[in-house]
file data.tsv (TSV, C-alpha atoms)
chain	number	residue	atom	x	y	z
A	17	MET	CA	-8.85	17.91	-7.50
A	18	SER	CA	-5.55	18.51	-5.69
A	19	THR	CA	-4.58	16.09	-2.96
A	20	LEU	CA	-2.17	16.43	-0.06
A	21	ILE	CA	-0.79	13.12	1.14
A	22	MET	CA	0.54	13.45	4.68
A	23	ILE	CA	3.29	11.36	6.21
A	24	ASP	CA	3.61	11.70	9.98
A	25	GLN	CA	5.36	8.42	10.75
A	26	ALA	CA	9.12	8.01	11.11
A	27	SER	CA	10.95	6.78	8.03
A	28	TYR	CA	11.84	3.37	9.49
A	29	GLY	CA	10.08	1.11	11.98
A	30	THR	CA	6.67	1.38	10.35
A	31	TRP	CA	5.47	0.77	6.82
A	32	SER	CA	2.63	3.26	6.58
A	33	GLY	CA	4.82	6.10	5.28
A	34	ARG	CA	5.98	3.96	2.36
A	35	GLU	CA	2.38	3.10	1.58
A	36	ALA	CA	1.46	6.79	1.75
A	37	LEU	CA	4.20	7.45	-0.79
A	38	ASP	CA	2.72	4.77	-3.07
A	39	MET	CA	-0.66	6.50	-2.79
A	40	ALA	CA	0.88	9.80	-3.87
A	41	PHE	CA	2.75	8.18	-6.77
A	42	SER	CA	-0.41	6.41	-7.86
A	43	LEU	CA	-2.38	9.66	-7.97
A	44	ALA	CA	0.36	11.32	-10.01
A	45	ALA	CA	0.50	8.33	-12.36
A	46	PHE	CA	-3.22	8.83	-13.05
A	47	ASP	CA	-2.65	12.56	-13.68
A	48	GLN	CA	-4.25	13.66	-10.42
A	49	PRO	CA	-2.39	16.60	-8.84
A	50	ALA	CA	-0.69	15.43	-5.64
A	51	SER	CA	1.74	16.87	-3.11
A	52	LEU	CA	3.43	15.38	-0.06
A	53	LEU	CA	3.54	16.91	3.40
A	54	PHE	CA	5.92	15.52	6.03
A	55	THR	CA	4.93	16.37	9.59
A	56	GLY	CA	5.86	15.17	13.08
A	57	ALA	CA	8.31	12.26	13.02
A	58	GLY	CA	7.67	12.06	9.27
A	59	VAL	CA	10.25	14.79	8.64
A	60	THR	CA	12.98	12.21	9.27
A	61	TRP	CA	12.19	10.95	5.76
A	62	LEU	CA	13.83	14.08	4.41
A	63	LYS	CA	17.26	13.79	5.99
A	64	ARG	CA	20.06	13.90	3.49
A	65	ALA	CA	22.48	10.94	3.00
A	66	GLN	CA	20.61	8.19	4.86
A	67	ASP	CA	22.59	4.97	5.37
A	68	THR	CA	20.26	2.02	5.97
A	69	ALA	CA	22.75	-0.83	5.57
A	70	GLY	CA	22.62	-1.56	9.30
A	71	ILE	CA	18.87	-2.23	9.35
A	72	ALA	CA	18.58	-4.17	6.07
A	73	GLN	CA	16.05	-1.76	4.59
A	74	LYS	CA	15.91	0.21	1.40
A	75	SER	CA	16.55	3.90	1.94
A	76	VAL	CA	13.37	5.99	1.85
A	77	GLU	CA	15.53	8.75	0.40
A	78	LYS	CA	15.81	6.62	-2.75
A	79	ASN	CA	12.04	6.02	-2.83
A	80	LEU	CA	11.45	9.73	-2.46
A	81	SER	CA	13.89	10.67	-5.19
A	82	ALA	CA	11.35	9.22	-7.66
A	83	ALA	CA	8.75	11.84	-6.69
A	84	PRO	CA	9.62	14.39	-9.41
A	85	ILE	CA	9.69	11.60	-12.03
A	86	PHE	CA	6.16	10.56	-11.10
A	87	GLY	CA	5.04	14.19	-11.25
A	88	ILE	CA	4.52	14.94	-7.56
A	89	GLU	CA	3.93	18.68	-7.45
A	90	ALA	CA	5.64	19.55	-4.18
A	91	ILE	CA	7.46	17.99	-1.24
A	92	LEU	CA	6.57	20.03	1.83
A	93	ALA	CA	8.03	19.79	5.32
A	94	ASP	CA	6.54	21.26	8.46
A	95	ARG	CA	9.00	23.89	9.71
A	96	SER	CA	8.42	23.35	13.43
A	97	ALA	CA	8.74	19.55	13.12
A	98	CYS	CA	12.06	20.02	11.29
A	99	GLN	CA	13.30	22.20	14.14
A	100	LYS	CA	12.18	19.61	16.67
A	101	TYR	CA	14.09	16.86	14.85
A	102	GLY	CA	17.20	19.02	14.33
A	103	LEU	CA	16.84	19.36	10.57
A	104	ASP	CA	17.58	22.57	8.70
A	105	GLU	CA	17.90	23.41	5.00
A	106	THR	CA	21.47	22.10	4.86
A	107	SER	CA	20.53	18.67	6.27
A	108	LEU	CA	17.44	18.15	4.09
A	109	ILE	CA	17.36	16.50	0.67
A	110	THR	CA	17.01	18.88	-2.25
A	111	GLY	CA	13.60	19.95	-3.51
A	112	VAL	CA	11.94	20.30	-0.10
A	113	THR	CA	9.89	23.39	0.73
A	114	LEU	CA	9.54	24.38	4.39
A	115	VAL	CA	5.97	25.34	5.31
A	116	ASP	CA	3.82	25.89	8.37
A	117	ALA	CA	1.43	22.94	8.47
A	118	ASN	CA	-1.65	24.84	9.49
A	119	ARG	CA	-5.20	25.28	8.31
A	120	THR	CA	-4.25	27.88	5.69
A	121	LEU	CA	-2.02	25.28	4.04
A	122	LEU	CA	-4.59	22.47	4.22
A	123	ASP	CA	-7.28	24.76	2.80
A	124	GLN	CA	-5.30	24.93	-0.43
A	125	TYR	CA	-6.09	21.26	-1.12
A	126	ASP	CA	-9.39	19.61	-2.00
A	127	HIS	CA	-8.47	16.33	-0.40
A	128	THR	CA	-6.04	15.18	2.28
A	129	ALA	CA	-5.12	11.64	3.22
A	130	PHE	CA	-2.86	9.59	5.49
A	131	ALA	CA	-1.95	5.98	4.71
A	132	GLY	CA	-2.52	4.74	8.22
Q	10	MET	CA	-36.57	19.48	7.12
Q	11	ALA	CA	-33.90	16.81	7.02
Q	12	ASP	CA	-31.72	16.60	3.96
Q	13	THR	CA	-32.61	13.34	2.25
Q	14	SER	CA	-30.36	13.70	-0.79
Q	15	SER	CA	-28.15	10.67	-1.28
Q	16	GLU	CA	-24.38	10.67	-1.42
Q	17	THR	CA	-21.85	8.21	-2.81
Q	18	PHE	CA	-18.97	7.15	-0.59
Q	19	THR	CA	-15.70	5.33	-1.08
Q	20	LEU	CA	-14.36	3.73	2.10
Q	21	VAL	CA	-10.67	3.04	2.68
Q	22	ILE	CA	-9.79	0.65	5.52
Q	23	THR	CA	-6.15	0.56	6.61
Q	24	GLY	CA	-6.51	-1.03	10.03
Q	25	ALA	CA	-6.54	-4.83	10.39
Q	26	PRO	CA	-9.32	-6.77	12.12
Q	27	TYR	CA	-8.52	-8.00	15.65
Q	28	SER	CA	-5.60	-5.60	16.08
Q	29	SER	CA	-7.59	-2.46	15.35
Q	30	GLN	CA	-11.15	-1.18	15.49
Q	31	ALA	CA	-11.06	0.09	11.90
Q	32	PRO	CA	-13.03	-2.69	10.10
Q	33	GLN	CA	-15.96	-2.68	12.54
Q	34	THR	CA	-16.13	1.12	12.70
Q	35	ALA	CA	-16.17	1.18	8.90
Q	36	LEU	CA	-18.91	-1.49	8.80
Q	37	GLY	CA	-20.99	0.50	11.28
Q	38	PHE	CA	-20.68	3.53	9.05
Q	39	ALA	CA	-21.42	1.54	5.89
Q	40	ARG	CA	-24.59	0.01	7.39
Q	41	ALA	CA	-25.83	3.39	8.62
Q	42	ALA	CA	-25.08	5.03	5.27
Q	43	THR	CA	-26.88	2.40	3.18
Q	44	ASP	CA	-29.81	2.36	5.64
Q	45	ALA	CA	-30.10	6.13	5.12
Q	46	GLY	CA	-30.26	5.69	1.34
Q	47	HIS	CA	-26.65	6.55	0.52
Q	48	ARG	CA	-24.48	4.45	-1.76
Q	49	ILE	CA	-21.10	2.87	-1.04
Q	50	ALA	CA	-19.32	2.85	-4.41
Q	51	ARG	CA	-16.48	0.64	-3.26
Q	52	VAL	CA	-14.44	-0.42	-0.28
Q	53	PHE	CA	-10.68	-0.33	-0.68
Q	54	LEU	CA	-8.42	-2.25	1.71
Q	55	TYR	CA	-4.95	-0.82	2.05
Q	56	GLY	CA	-1.95	-1.53	4.27
Q	57	ASP	CA	-2.89	-3.81	7.18
Q	58	GLY	CA	-6.54	-3.44	6.14
Q	59	VAL	CA	-6.01	-6.25	3.59
Q	60	HIS	CA	-6.15	-8.80	6.43
Q	61	LEU	CA	-9.92	-8.22	6.41
Q	62	ALA	CA	-10.07	-10.16	3.13
Q	63	SER	CA	-8.36	-13.29	4.44
Q	64	ALA	CA	-10.36	-16.50	4.21
Q	65	LEU	CA	-8.12	-17.99	6.90
Q	66	CYS	CA	-9.16	-15.69	9.75
Q	67	THR	CA	-10.54	-17.91	12.50
Q	68	PRO	CA	-11.61	-15.94	15.56
Q	69	PRO	CA	-12.97	-17.76	18.64
Q	70	SER	CA	-16.64	-18.71	18.19
Q	71	ASP	CA	-17.87	-16.09	20.69
Q	72	GLU	CA	-16.24	-13.23	18.74
Q	73	THR	CA	-17.59	-11.51	15.65
Q	74	HIS	CA	-16.09	-12.81	12.42
Q	75	TRP	CA	-15.37	-9.43	10.81
Q	76	PRO	CA	-14.18	-10.77	7.42
Q	77	LYS	CA	-17.42	-12.78	7.04
Q	78	GLU	CA	-19.56	-9.86	8.28
Q	79	TRP	CA	-17.97	-7.59	5.70
Q	80	ALA	CA	-18.17	-10.21	2.92
Q	81	SER	CA	-21.87	-10.71	3.55
Q	82	PHE	CA	-22.52	-6.95	3.60
Q	83	LEU	CA	-20.63	-6.43	0.33
Q	84	GLU	CA	-22.45	-9.31	-1.37
Q	85	HIS	CA	-25.88	-8.22	-0.14
Q	86	HIS	CA	-25.41	-4.68	-1.48
Q	87	GLY	CA	-23.37	-5.58	-4.58
Q	88	ILE	CA	-20.46	-3.39	-3.43
Q	89	PRO	CA	-16.96	-4.13	-4.77
Q	90	GLY	CA	-14.44	-4.87	-2.00
Q	91	ILE	CA	-10.90	-4.48	-3.27
Q	92	ALA	CA	-7.62	-5.32	-1.56
Q	93	CYS	CA	-4.55	-3.44	-2.80
Q	94	ILE	CA	-2.31	-5.93	-4.57
Q	95	ALA	CA	0.99	-4.56	-3.25
Q	96	SER	CA	-0.27	-4.50	0.35
Q	97	ALA	CA	-1.84	-7.94	-0.08
Q	98	LEU	CA	1.17	-9.75	-1.51
Q	99	ARG	CA	3.49	-8.39	1.19
Q	100	ARG	CA	1.12	-9.61	3.89
Q	101	GLY	CA	0.39	-13.09	2.52
Q	102	LEU	CA	-3.03	-12.48	0.97
Q	103	VAL	CA	-3.31	-14.02	-2.50
Q	104	ASN	CA	-5.98	-15.07	-4.96
Q	105	GLU	CA	-5.72	-17.99	-7.37
Q	106	ALA	CA	-4.05	-15.92	-10.10
Q	107	GLU	CA	-1.29	-14.72	-7.75
Q	108	ARG	CA	-0.92	-18.21	-6.28
Q	109	LYS	CA	-0.15	-19.53	-9.76
Q	110	ARG	CA	2.05	-16.56	-10.69
Q	111	TYR	CA	4.29	-16.98	-7.64
Q	112	ALA	CA	3.91	-20.78	-7.33
Q	113	LEU	CA	2.59	-20.47	-3.76
Q	114	PRO	CA	1.18	-23.41	-1.77
Q	115	GLY	CA	-2.32	-21.93	-1.47
Q	116	SER	CA	-4.61	-18.97	-1.94
Q	117	ASN	CA	-6.70	-17.31	0.76
Q	118	LEU	CA	-8.80	-14.48	-0.68
Q	119	LEU	CA	-12.30	-14.45	0.78
Q	120	HIS	CA	-15.20	-14.12	-1.69
Q	121	PRO	CA	-16.36	-11.53	-2.84
Q	122	PHE	CA	-13.17	-9.54	-2.20
Q	123	GLU	CA	-10.96	-8.90	-5.21
Q	124	ILE	CA	-7.29	-7.98	-5.57
Q	125	ALA	CA	-6.40	-4.93	-7.69
Q	126	GLY	CA	-4.14	-1.90	-7.79
Q	127	LEU	CA	-4.23	1.57	-6.26
Q	128	GLY	CA	-5.94	2.75	-9.46
Q	129	GLU	CA	-9.16	1.43	-7.89
Q	130	TRP	CA	-8.67	3.87	-5.01
Q	131	VAL	CA	-7.95	6.72	-7.43
Q	132	GLU	CA	-11.10	5.88	-9.41
Q	133	GLY	CA	-13.20	5.54	-6.25
Q	134	ARG	CA	-12.27	8.97	-4.95
Q	135	ARG	CA	-12.79	10.50	-8.39
Q	136	THR	CA	-16.33	9.21	-8.69
Q	137	SER	CA	-17.50	9.54	-5.04
Q	138	ALA	CA	-18.75	12.61	-3.20
Q	139	ARG	CA	-16.54	11.67	-0.25
Q	140	THR	CA	-13.76	9.23	0.52
Q	141	LEU	CA	-13.53	8.19	4.16
Q	142	TYR	CA	-10.49	6.60	5.80
Q	143	PHE	CA	-10.63	4.13	8.67
Q	144	HIS	CA	-7.19	3.86	10.25
Q	145	ALA	CA	-5.81	1.76	13.08
Q	146	GLY	CA	-5.25	4.72	15.37
Q	147	GLY	CA	-2.81	4.26	18.22

call {"tool": "encode", "arguments": {"input": "data.tsv", "output": "C-alpha cells"}}
result
Amino acid sequence: MSTLIMIDQASYGTWSGREALDMAFSLAAFDQPASLLFTGAGVTWLKRAQDTAGIAQKSVEKNLSAAPIFGIEAILADRSACQKYGLDETSLITGVTLVDANRTLLDQYDHTAFAG
Amino acid sequence: MADTSSETFTLVITGAPYSSQAPQTALGFARAATDAGHRIARVFLYGDGVHLASALCTPPSDETHWPKEWASFLEHHGIPGIACIASALRRGLVNEAERKRYALPGSNLLHPFEIAGLGEWVEGRRTSARTLYFHAGG
C-alpha cells in the first residue's frame, strides 16, 4: 500500500508540516512505501541553504535530509507552486522531482494524507 | 437493497477541541458508523488533536465536554484511543509513566486514552478498510 504524504503548509510558522514528515518517516520505518509531495506554500520546505538562526528554529532542510535514510521513496514538488514561490531546480535541495500535482499523480497512490 | 456489509475504520483527529470542530465531527461520524454496524478499530490523536485527551479541560458548564464525551464513547464500545507520544509531550499531555520519566509536577491523561507512538497509526491503517482524518480546517 503506497502512501503519499502531502505538505501544503509553509516550512516555518506552523508545526503541521513537521508532523507530516514524522508520519512519512514512521511509515518508512515500518516498511510501508511512502513518498512526500510538497504543494502550495509547502514548497518553501525545499529551498536550498535555509538559515533559521534568526527565528530560533531547527532548519526543516536538515529534517528533510533524513528522508533517504528512512527510506522515503520520492520527494515530489508541485511545479506550479514552485513557480509561484520563485523556486527553480537551482534553488531547490537535491533529490527533488518536479511534478504536476493533479489527479493522475494522486491516482498512483493507494492512500494520501495530510498532518493537519 | 442497501449494502449492510460492515467496515472497519481508523479515525485520526488532528484538530483540538474548542479551537476546532474536528473532535465533534469525528464523534458524530463514529456514533453514526457504530450505529450502522461498522467497527471503529482505533482512534489516533495527532498534532493538536492530543488536547482531546487532557483530563484538565474544563469548559463552561453549558458547553459540551468533548474529552468526556469521547472518553465515554471509547469506553462504551471498547475502542482504543491513542494520543501520539511526540505530539503529546510537546503539548503538555503526559501519563504517569512520562510524569516519572521527566520528573514533571503532574500527569493529565484522561482515562481510557493511552499514549503511544505513530506505529499505532501505521497499524490502524494497515488493518482498517479506511482511515479517515479530521483536521482543524481554516

call {"tool": "closest_atom_pairs", "arguments": {"input": "data.tsv", "of": "chain A", "to": "chain Q", "cutoff": "12 Å", "atoms": "all atoms listed in the file", "output": "JSON lines"}}
result
{"residue": "A:Met17", "atom": "CA", "partner": "Q:Arg135", "partner_atom": "CA", "distance": 8.4}
{"residue": "A:Ser18", "atom": "CA", "partner": "Q:Arg135", "partner_atom": "CA", "distance": 11.1}
{"residue": "A:Thr19", "atom": "CA", "partner": "Q:Arg134", "partner_atom": "CA", "distance": 10.7}
{"residue": "A:Gln25", "atom": "CA", "partner": "Q:Gly147", "partner_atom": "CA", "distance": 11.8}
{"residue": "A:Thr30", "atom": "CA", "partner": "Q:Gly56", "partner_atom": "CA", "distance": 10.9}
{"residue": "A:Trp31", "atom": "CA", "partner": "Q:Gly56", "partner_atom": "CA", "distance": 8.2}
{"residue": "A:Ser32", "atom": "CA", "partner": "Q:Gly56", "partner_atom": "CA", "distance": 7.0}
{"residue": "A:Gly33", "atom": "CA", "partner": "Q:Gly56", "partner_atom": "CA", "distance": 10.3}
{"residue": "A:Arg34", "atom": "CA", "partner": "Q:Gly56", "partner_atom": "CA", "distance": 9.8}
{"residue": "A:Glu35", "atom": "CA", "partner": "Q:Gly56", "partner_atom": "CA", "distance": 6.9}
{"residue": "A:Ala36", "atom": "CA", "partner": "Q:Gly56", "partner_atom": "CA", "distance": 9.3}
{"residue": "A:Leu37", "atom": "CA", "partner": "Q:Leu127", "partner_atom": "CA", "distance": 11.6}
{"residue": "A:Asp38", "atom": "CA", "partner": "Q:Leu127", "partner_atom": "CA", "distance": 8.3}
{"residue": "A:Met39", "atom": "CA", "partner": "Q:Leu127", "partner_atom": "CA", "distance": 7.0}
{"residue": "A:Ala40", "atom": "CA", "partner": "Q:Leu127", "partner_atom": "CA", "distance": 10.0}
{"residue": "A:Phe41", "atom": "CA", "partner": "Q:Leu127", "partner_atom": "CA", "distance": 9.6}
{"residue": "A:Ser42", "atom": "CA", "partner": "Q:Leu127", "partner_atom": "CA", "distance": 6.4}
{"residue": "A:Leu43", "atom": "CA", "partner": "Q:Val131", "partner_atom": "CA", "distance": 6.3}
{"residue": "A:Ala44", "atom": "CA", "partner": "Q:Val131", "partner_atom": "CA", "distance": 9.8}
{"residue": "A:Ala45", "atom": "CA", "partner": "Q:Gly128", "partner_atom": "CA", "distance": 9.0}
{"residue": "A:Phe46", "atom": "CA", "partner": "Q:Gly128", "partner_atom": "CA", "distance": 7.6}
{"residue": "A:Asp47", "atom": "CA", "partner": "Q:Val131", "partner_atom": "CA", "distance": 10.1}
{"residue": "A:Gln48", "atom": "CA", "partner": "Q:Val131", "partner_atom": "CA", "distance": 8.4}
{"residue": "A:Pro49", "atom": "CA", "partner": "Q:Val131", "partner_atom": "CA", "distance": 11.4}
{"residue": "A:Ala50", "atom": "CA", "partner": "Q:Val131", "partner_atom": "CA", "distance": 11.5}
{"residue": "A:Asp126", "atom": "CA", "partner": "Q:Arg139", "partner_atom": "CA", "distance": 10.8}
{"residue": "A:His127", "atom": "CA", "partner": "Q:Thr140", "partner_atom": "CA", "distance": 8.9}
{"residue": "A:Thr128", "atom": "CA", "partner": "Q:Thr140", "partner_atom": "CA", "distance": 9.9}
{"residue": "A:Ala129", "atom": "CA", "partner": "Q:Tyr142", "partner_atom": "CA", "distance": 7.8}
{"residue": "A:Phe130", "atom": "CA", "partner": "Q:Tyr142", "partner_atom": "CA", "distance": 8.2}
{"residue": "A:Ala131", "atom": "CA", "partner": "Q:Thr23", "partner_atom": "CA", "distance": 7.1}
{"residue": "A:Gly132", "atom": "CA", "partner": "Q:His144", "partner_atom": "CA", "distance": 5.2}

call {"tool": "atom_distance", "arguments": {"input": "data.tsv", "atom1": "CA of Ala64 (chain Q)", "atom2": "CA of Gly115 (chain Q)"}}
result
11.2 Å

call {"tool": "atom_distance", "arguments": {"input": "data.tsv", "atom1": "CA of Ser29 (chain Q)", "atom2": "CA of Gly133 (chain Q)"}}
result
23.7 Å

call {"tool": "residues_around", "arguments": {"input": "data.tsv", "residues": "region 101-108 of chain Q", "least_positions_apart": "4", "cutoff": "12 Å", "atoms": "only C-alpha atoms", "output": "number ranges by chain"}}
result
Q: 54-66, 91-97, 112-125

call {"tool": "residues_around", "arguments": {"input": "data.tsv", "residues": "Glu105 (chain A)", "least_positions_apart": "2", "cutoff": "12 Å", "atoms": "all atoms listed in the file", "output": "MDAnalysis selection string"}}
result
chainID A and resid 62:64 93 95 98:99 102:103 107:114

call {"tool": "residues_around", "arguments": {"input": "data.tsv", "residues": "Ala39 (chain Q)", "least_positions_apart": "5", "cutoff": "12 Å", "atoms": "only C-alpha atoms", "output": "PyMOL selection string"}}
result
chain Q and resi 17-22+32-34+44-52+78-79+82-83+86+88+141+143

call {"tool": "write_last_selection", "arguments": {"input": "data.tsv", "atoms": "C-alpha atoms", "output": "mmCIF file, in the frame of the given file"}}
result
data_model
loop_
_atom_site.group_PDB
_atom_site.id
_atom_site.type_symbol
_atom_site.label_atom_id
_atom_site.label_comp_id
_atom_site.auth_asym_id
_atom_site.auth_seq_id
_atom_site.Cartn_x
_atom_site.Cartn_y
_atom_site.Cartn_z
ATOM 1 C CA THR Q 17 -21.850 8.210 -2.810
ATOM 2 C CA PHE Q 18 -18.970 7.150 -0.590
ATOM 3 C CA THR Q 19 -15.700 5.330 -1.080
ATOM 4 C CA LEU Q 20 -14.360 3.730 2.100
ATOM 5 C CA VAL Q 21 -10.670 3.040 2.680
ATOM 6 C CA ILE Q 22 -9.790 0.650 5.520
ATOM 7 C CA PRO Q 32 -13.030 -2.690 10.100
ATOM 8 C CA GLN Q 33 -15.960 -2.680 12.540
ATOM 9 C CA THR Q 34 -16.130 1.120 12.700
ATOM 10 C CA ASP Q 44 -29.810 2.360 5.640
ATOM 11 C CA ALA Q 45 -30.100 6.130 5.120
ATOM 12 C CA GLY Q 46 -30.260 5.690 1.340
ATOM 13 C CA HIS Q 47 -26.650 6.550 0.520
ATOM 14 C CA ARG Q 48 -24.480 4.450 -1.760
ATOM 15 C CA ILE Q 49 -21.100 2.870 -1.040
ATOM 16 C CA ALA Q 50 -19.320 2.850 -4.410
ATOM 17 C CA ARG Q 51 -16.480 0.640 -3.260
ATOM 18 C CA VAL Q 52 -14.440 -0.420 -0.280
ATOM 19 C CA GLU Q 78 -19.560 -9.860 8.280
ATOM 20 C CA TRP Q 79 -17.970 -7.590 5.700
ATOM 21 C CA PHE Q 82 -22.520 -6.950 3.600
ATOM 22 C CA LEU Q 83 -20.630 -6.430 0.330
ATOM 23 C CA HIS Q 86 -25.410 -4.680 -1.480
ATOM 24 C CA ILE Q 88 -20.460 -3.390 -3.430
ATOM 25 C CA LEU Q 141 -13.530 8.190 4.160
ATOM 26 C CA PHE Q 143 -10.630 4.130 8.670
#

call {"tool": "atom_distance", "arguments": {"input": "data.tsv", "atom1": "CA of Glu89 (chain A)", "atom2": "CA of Ser51 (chain A)"}}
result
5.2 Å

call {"tool": "axis_aligned_box", "arguments": {"input": "data.tsv", "around": "region 124-130 of chain A", "padding_each_side": "6 Å", "output": "lines of an AutoDock Vina configuration file"}}
result
center_x = -6.1
center_y = 17.3
center_z = 1.7
size_x = 18.5
size_y = 27.3
size_z = 19.5

call {"tool": "closest_residue", "arguments": {"input": "data.tsv", "among": "A:Tyr125, A:Tyr101, A:Asn118, A:Ser27", "to": "Gln66 (chain A)", "atoms": "all atoms listed in the file"}}
result
A:Ser27

call {"tool": "residues_around", "arguments": {"input": "data.tsv", "residues": "Asp94 (chain A)", "least_positions_apart": "2", "cutoff": "12 Å", "atoms": "only C-alpha atoms", "output": "count of residues only"}}
result
32
